[in-house]
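Notes to accompany the following structure.
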Amino acid sequence: MGNKPNGLMSGKRLKDRRKNARWSSKNYVRKTLNLKTRADPLAGSHQAKGIVLEKRQIEAKQPNSAMRKCAVVQLLKNGKHITVFIPGDNAQKFINEHDEVLIECIGGKMGRAKGDIPCVRWQIIKVNDQSLNALLSGKIEKGRR
């Protein structure tokens with residue numbers, strides 16, 4: 001764009017120049033056009049409730065060779081299906097089909113998948129309004145619904 005304008009009456013040109021230059025920043029574009037909330041199944045919120053449709057295992061990325069326990073959940077707010085991670089040893093035993101779960105973002109790099117689980121960005125934190133951590137540690141037993 002050449003040199004910056006300077007002197008009297010150059011304020012508007014400096015302002016317009018700054019406004020145009022901001023569009024080269026990826027973060028500014030995502031924030032201004034609301035791309036996060038449009039593409040995100042949770043629609044920008046931190047947590048959401050859903051119904052478990054099925055449990056499945058996903059193979060970890062190289063160089064690991066584990067089967068990560070996951071579940072397919074249908075969100076109550078918009079009906080979208082997403083795959084969520086089940087954290088903890090033998091935690092999948094506490095989760096059955098048609099259970100109501102609360103999910104949250106795992107929080108990987110820039111909101112992407114974390115660790116060696118491909119395409120999984122969410123994890124389960126509550127099952128039928130009971131904390132998954134408390135169930136795993138044996139502090140409470142799973143209630144019926």
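Convention: chains lettered A, B, ... in structure tokens order; per-chain residue numbering from 1; ligands numbered from 1 as shown.
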For the helix (DSSP H, G or I) assignment from backbone DSSP, which residues of range 40-100 of chain A qualify? Please present them as an NGL selection string. :A and (91-94)
Within 12 Å of range 17-20 of chain A, counting only C-alpha atoms, which residues qualify if same-chain residues fewer than 2 places away don't, as a PyMOL selection string? chain A and resi 1-5+10-15+22-25+28-29
Set out as a Markdown table a contact list for range 111-130 of chain A and range 89-93 of chain A with a cut-off of 12 Å, giving each residue of range 111-130 of chain A that qualifies its closest atom pair and distance in Å to one decimal, counting only C-alpha atoms, ordered by chain and rising residue number.
| residue | atom | partner | partner_atom | distance |
| --- | --- | --- | --- | --- |
| A:Gln123 | CA | A:Ala91 | CA | 11.7 |
| A:Ile124 | CA | A:Ala91 | CA | 9.9 |
| A:Ile125 | CA | A:Ala91 | CA | 10.7 |
| A:Lys126 | CA | A:Ala91 | CA | 11.2 |
| A:Val127 | CA | A:Ala91 | CA | 10.5 |
Of the listed residues A:Ile106, A:Val52, A:Ile82, A:Gly115, that which approaches Arg68 in chain A most closely, counting only C-alpha atoms: A:Gly115
Just checking: using only C-alpha atoms, which residue out of A:Thr32, A:Lys69, A:Ala39, A:Thr83 ends up closest to Cys119 in chain A? A:Thr83
With a distance cut-off of 10 Å and only C-alpha atoms, select the neighbouring residues of Lys49 in chain A, excluding the residue or stretch itself and same-chain residues fewer than 4 positions from it, and output the selection as a list in words. Leu42, Val73, Gln74, Leu75, Leu76, Lys77, Glu100, Val101, Leu102, Ile103, Glu104, Ile124, Lys126, Val127, Asn128 and Asp129 of chain A
Hey, can you spit out that residue selection with N, CA and C atoms as a PDB file, in the first residue's frame?
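What ended up in part_7.pdb:
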ATOM      1  N   LEU A  42     -22.333 -26.983  19.155  1.00  0.00           N
ATOM      2  CA  LEU A  42     -22.839 -26.433  20.406  1.00  0.00           C
ATOM      3  C   LEU A  42     -23.270 -24.977  20.259  1.00  0.00           C
ATOM      4  N   VAL A  73     -23.695 -38.975  20.363  1.00  0.00           N
ATOM      5  CA  VAL A  73     -24.694 -38.260  21.162  1.00  0.00           C
ATOM      6  C   VAL A  73     -25.503 -37.363  20.232  1.00  0.00           C
ATOM      7  N   GLN A  74     -26.827 -37.347  20.444  1.00  0.00           N
ATOM      8  CA  GLN A  74     -27.691 -36.413  19.732  1.00  0.00           C
ATOM      9  C   GLN A  74     -28.006 -35.256  20.663  1.00  0.00           C
ATOM     10  N   LEU A  75     -27.667 -34.038  20.241  1.00  0.00           N
ATOM     11  CA  LEU A  75     -27.868 -32.862  21.084  1.00  0.00           C
ATOM     12  C   LEU A  75     -29.350 -32.522  21.187  1.00  0.00           C
ATOM     13  N   LEU A  76     -29.763 -32.099  22.380  1.00  0.00           N
ATOM     14  CA  LEU A  76     -31.157 -31.739  22.587  1.00  0.00           C
ATOM     15  C   LEU A  76     -31.489 -30.385  21.954  1.00  0.00           C
ATOM     16  N   LYS A  77     -30.515 -29.466  21.910  1.00  0.00           N
ATOM     17  CA  LYS A  77     -30.804 -28.104  21.467  1.00  0.00           C
ATOM     18  C   LYS A  77     -31.061 -28.011  19.975  1.00  0.00           C
ATOM     19  N   GLU A 100     -29.090 -39.513  29.414  1.00  0.00           N
ATOM     20  CA  GLU A 100     -28.898 -38.088  29.163  1.00  0.00           C
ATOM     21  C   GLU A 100     -27.531 -37.695  29.696  1.00  0.00           C
ATOM     22  N   VAL A 101     -26.704 -37.101  28.847  1.00  0.00           N
ATOM     23  CA  VAL A 101     -25.342 -36.744  29.250  1.00  0.00           C
ATOM     24  C   VAL A 101     -25.130 -35.248  29.038  1.00  0.00           C
ATOM     25  N   LEU A 102     -24.193 -34.712  29.823  1.00  0.00           N
ATOM     26  CA  LEU A 102     -23.753 -33.327  29.663  1.00  0.00           C
ATOM     27  C   LEU A 102     -22.352 -33.374  29.074  1.00  0.00           C
ATOM     28  N   ILE A 103     -22.137 -32.643  27.994  1.00  0.00           N
ATOM     29  CA  ILE A 103     -20.832 -32.679  27.331  1.00  0.00           C
ATOM     30  C   ILE A 103     -20.210 -31.287  27.367  1.00  0.00           C
ATOM     31  N   GLU A 104     -18.869 -31.263  27.234  1.00  0.00           N
ATOM     32  CA  GLU A 104     -18.137 -30.006  27.165  1.00  0.00           C
ATOM     33  C   GLU A 104     -16.982 -30.178  26.195  1.00  0.00           C
ATOM     34  N   ILE A 124     -17.626 -36.298  27.824  1.00  0.00           N
ATOM     35  CA  ILE A 124     -18.773 -36.400  28.719  1.00  0.00           C
ATOM     36  C   ILE A 124     -18.318 -36.038  30.128  1.00  0.00           C
ATOM     37  N   LYS A 126     -21.109 -35.479  32.724  1.00  0.00           N
ATOM     38  CA  LYS A 126     -22.183 -35.930  33.614  1.00  0.00           C
ATOM     39  C   LYS A 126     -23.051 -36.948  32.904  1.00  0.00           C
ATOM     40  N   VAL A 127     -23.553 -37.920  33.677  1.00  0.00           N
ATOM     41  CA  VAL A 127     -24.484 -38.924  33.157  1.00  0.00           C
ATOM     42  C   VAL A 127     -25.724 -38.882  34.039  1.00  0.00           C
ATOM     43  N   ASN A 128     -26.868 -38.617  33.445  1.00  0.00           N
ATOM     44  CA  ASN A 128     -28.127 -38.511  34.191  1.00  0.00           C
ATOM     45  C   ASN A 128     -27.985 -37.588  35.408  1.00  0.00           C
ATOM     46  N   ASP A 129     -27.378 -36.433  35.196  1.00  0.00           N
ATOM     47  CA  ASP A 129     -27.170 -35.418  36.246  1.00  0.00           C
ATOM     48  C   ASP A 129     -26.298 -35.904  37.398  1.00  0.00           C
TER      49      ASP A 129
END
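Between CA of Glu97 in chain A and CA of Arg56 in chain A the interatomic distance comes to 11.2 Å.
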A:Ala43, A:Ile95, A:Ala60, A:Leu136 ranked by distance to Asn78 in chain A, top pick (using only C-alpha atoms): A:Ala43
Please indicate the distance in Å from CA of Ala71 in chain A to CA of Phe85 in chain A, rounded to one decimal place. 6.5 Å
To test your reading of the structure, identify every residue in chain A that backbone DSSP assigns to strand (DSSP E or B), and report it as a short mmCIF file (atom, residue, chain, number, x, y, z; two decimals) with C-alpha atoms, in the first residue's frame.
data_model
loop_
_atom_site.label_atom_id
_atom_site.label_comp_id
_atom_site.auth_asym_id
_atom_site.auth_seq_id
_atom_site.Cartn_x
_atom_site.Cartn_y
_atom_site.Cartn_z
CA GLN A 47 -21.68 -27.21 27.52
CA ALA A 48 -24.74 -28.97 26.12
CA LYS A 49 -27.05 -31.86 26.95
CA GLY A 50 -27.67 -34.81 24.68
CA ILE A 51 -28.96 -38.37 24.44
CA VAL A 52 -26.55 -41.29 23.91
CA LEU A 53 -27.41 -43.14 20.70
CA GLU A 54 -24.58 -45.70 20.65
CA LYS A 55 -21.19 -46.49 22.14
CA ARG A 56 -18.22 -47.13 19.87
CA GLN A 57 -14.45 -47.47 19.91
CA ILE A 58 -12.14 -45.29 17.84
CA GLU A 59 -8.61 -46.27 16.99
CA MET A 67 -9.03 -48.24 21.20
CA ARG A 68 -10.48 -45.03 22.65
CA LYS A 69 -13.98 -45.32 24.11
CA CYS A 70 -16.45 -42.88 22.58
CA ALA A 71 -20.20 -42.38 22.25
CA VAL A 72 -22.45 -40.91 19.59
CA VAL A 73 -24.69 -38.26 21.16
CA GLN A 74 -27.69 -36.41 19.73
CA LEU A 75 -27.87 -32.86 21.08
CA HIS A 81 -25.18 -35.97 16.10
CA ILE A 82 -21.61 -35.70 17.43
CA THR A 83 -19.00 -38.15 18.65
CA VAL A 84 -17.82 -37.55 22.23
CA PHE A 85 -14.99 -39.04 24.26
CA GLU A 100 -28.90 -38.09 29.16
CA VAL A 101 -25.34 -36.74 29.25
CA LEU A 102 -23.75 -33.33 29.66
CA ILE A 103 -20.83 -32.68 27.33
CA GLU A 104 -18.14 -30.01 27.17
CA CYS A 105 -15.24 -29.12 24.88
CA TRP A 122 -15.98 -33.10 23.17
CA GLN A 123 -16.09 -35.21 26.32
CA ILE A 124 -18.77 -36.40 28.72
CA ILE A 125 -18.78 -34.88 32.21
CA LYS A 126 -22.18 -35.93 33.61
CA VAL A 127 -24.48 -38.92 33.16
CA GLN A 130 -24.47 -37.33 38.15
CA SER A 131 -20.79 -36.50 37.82
#
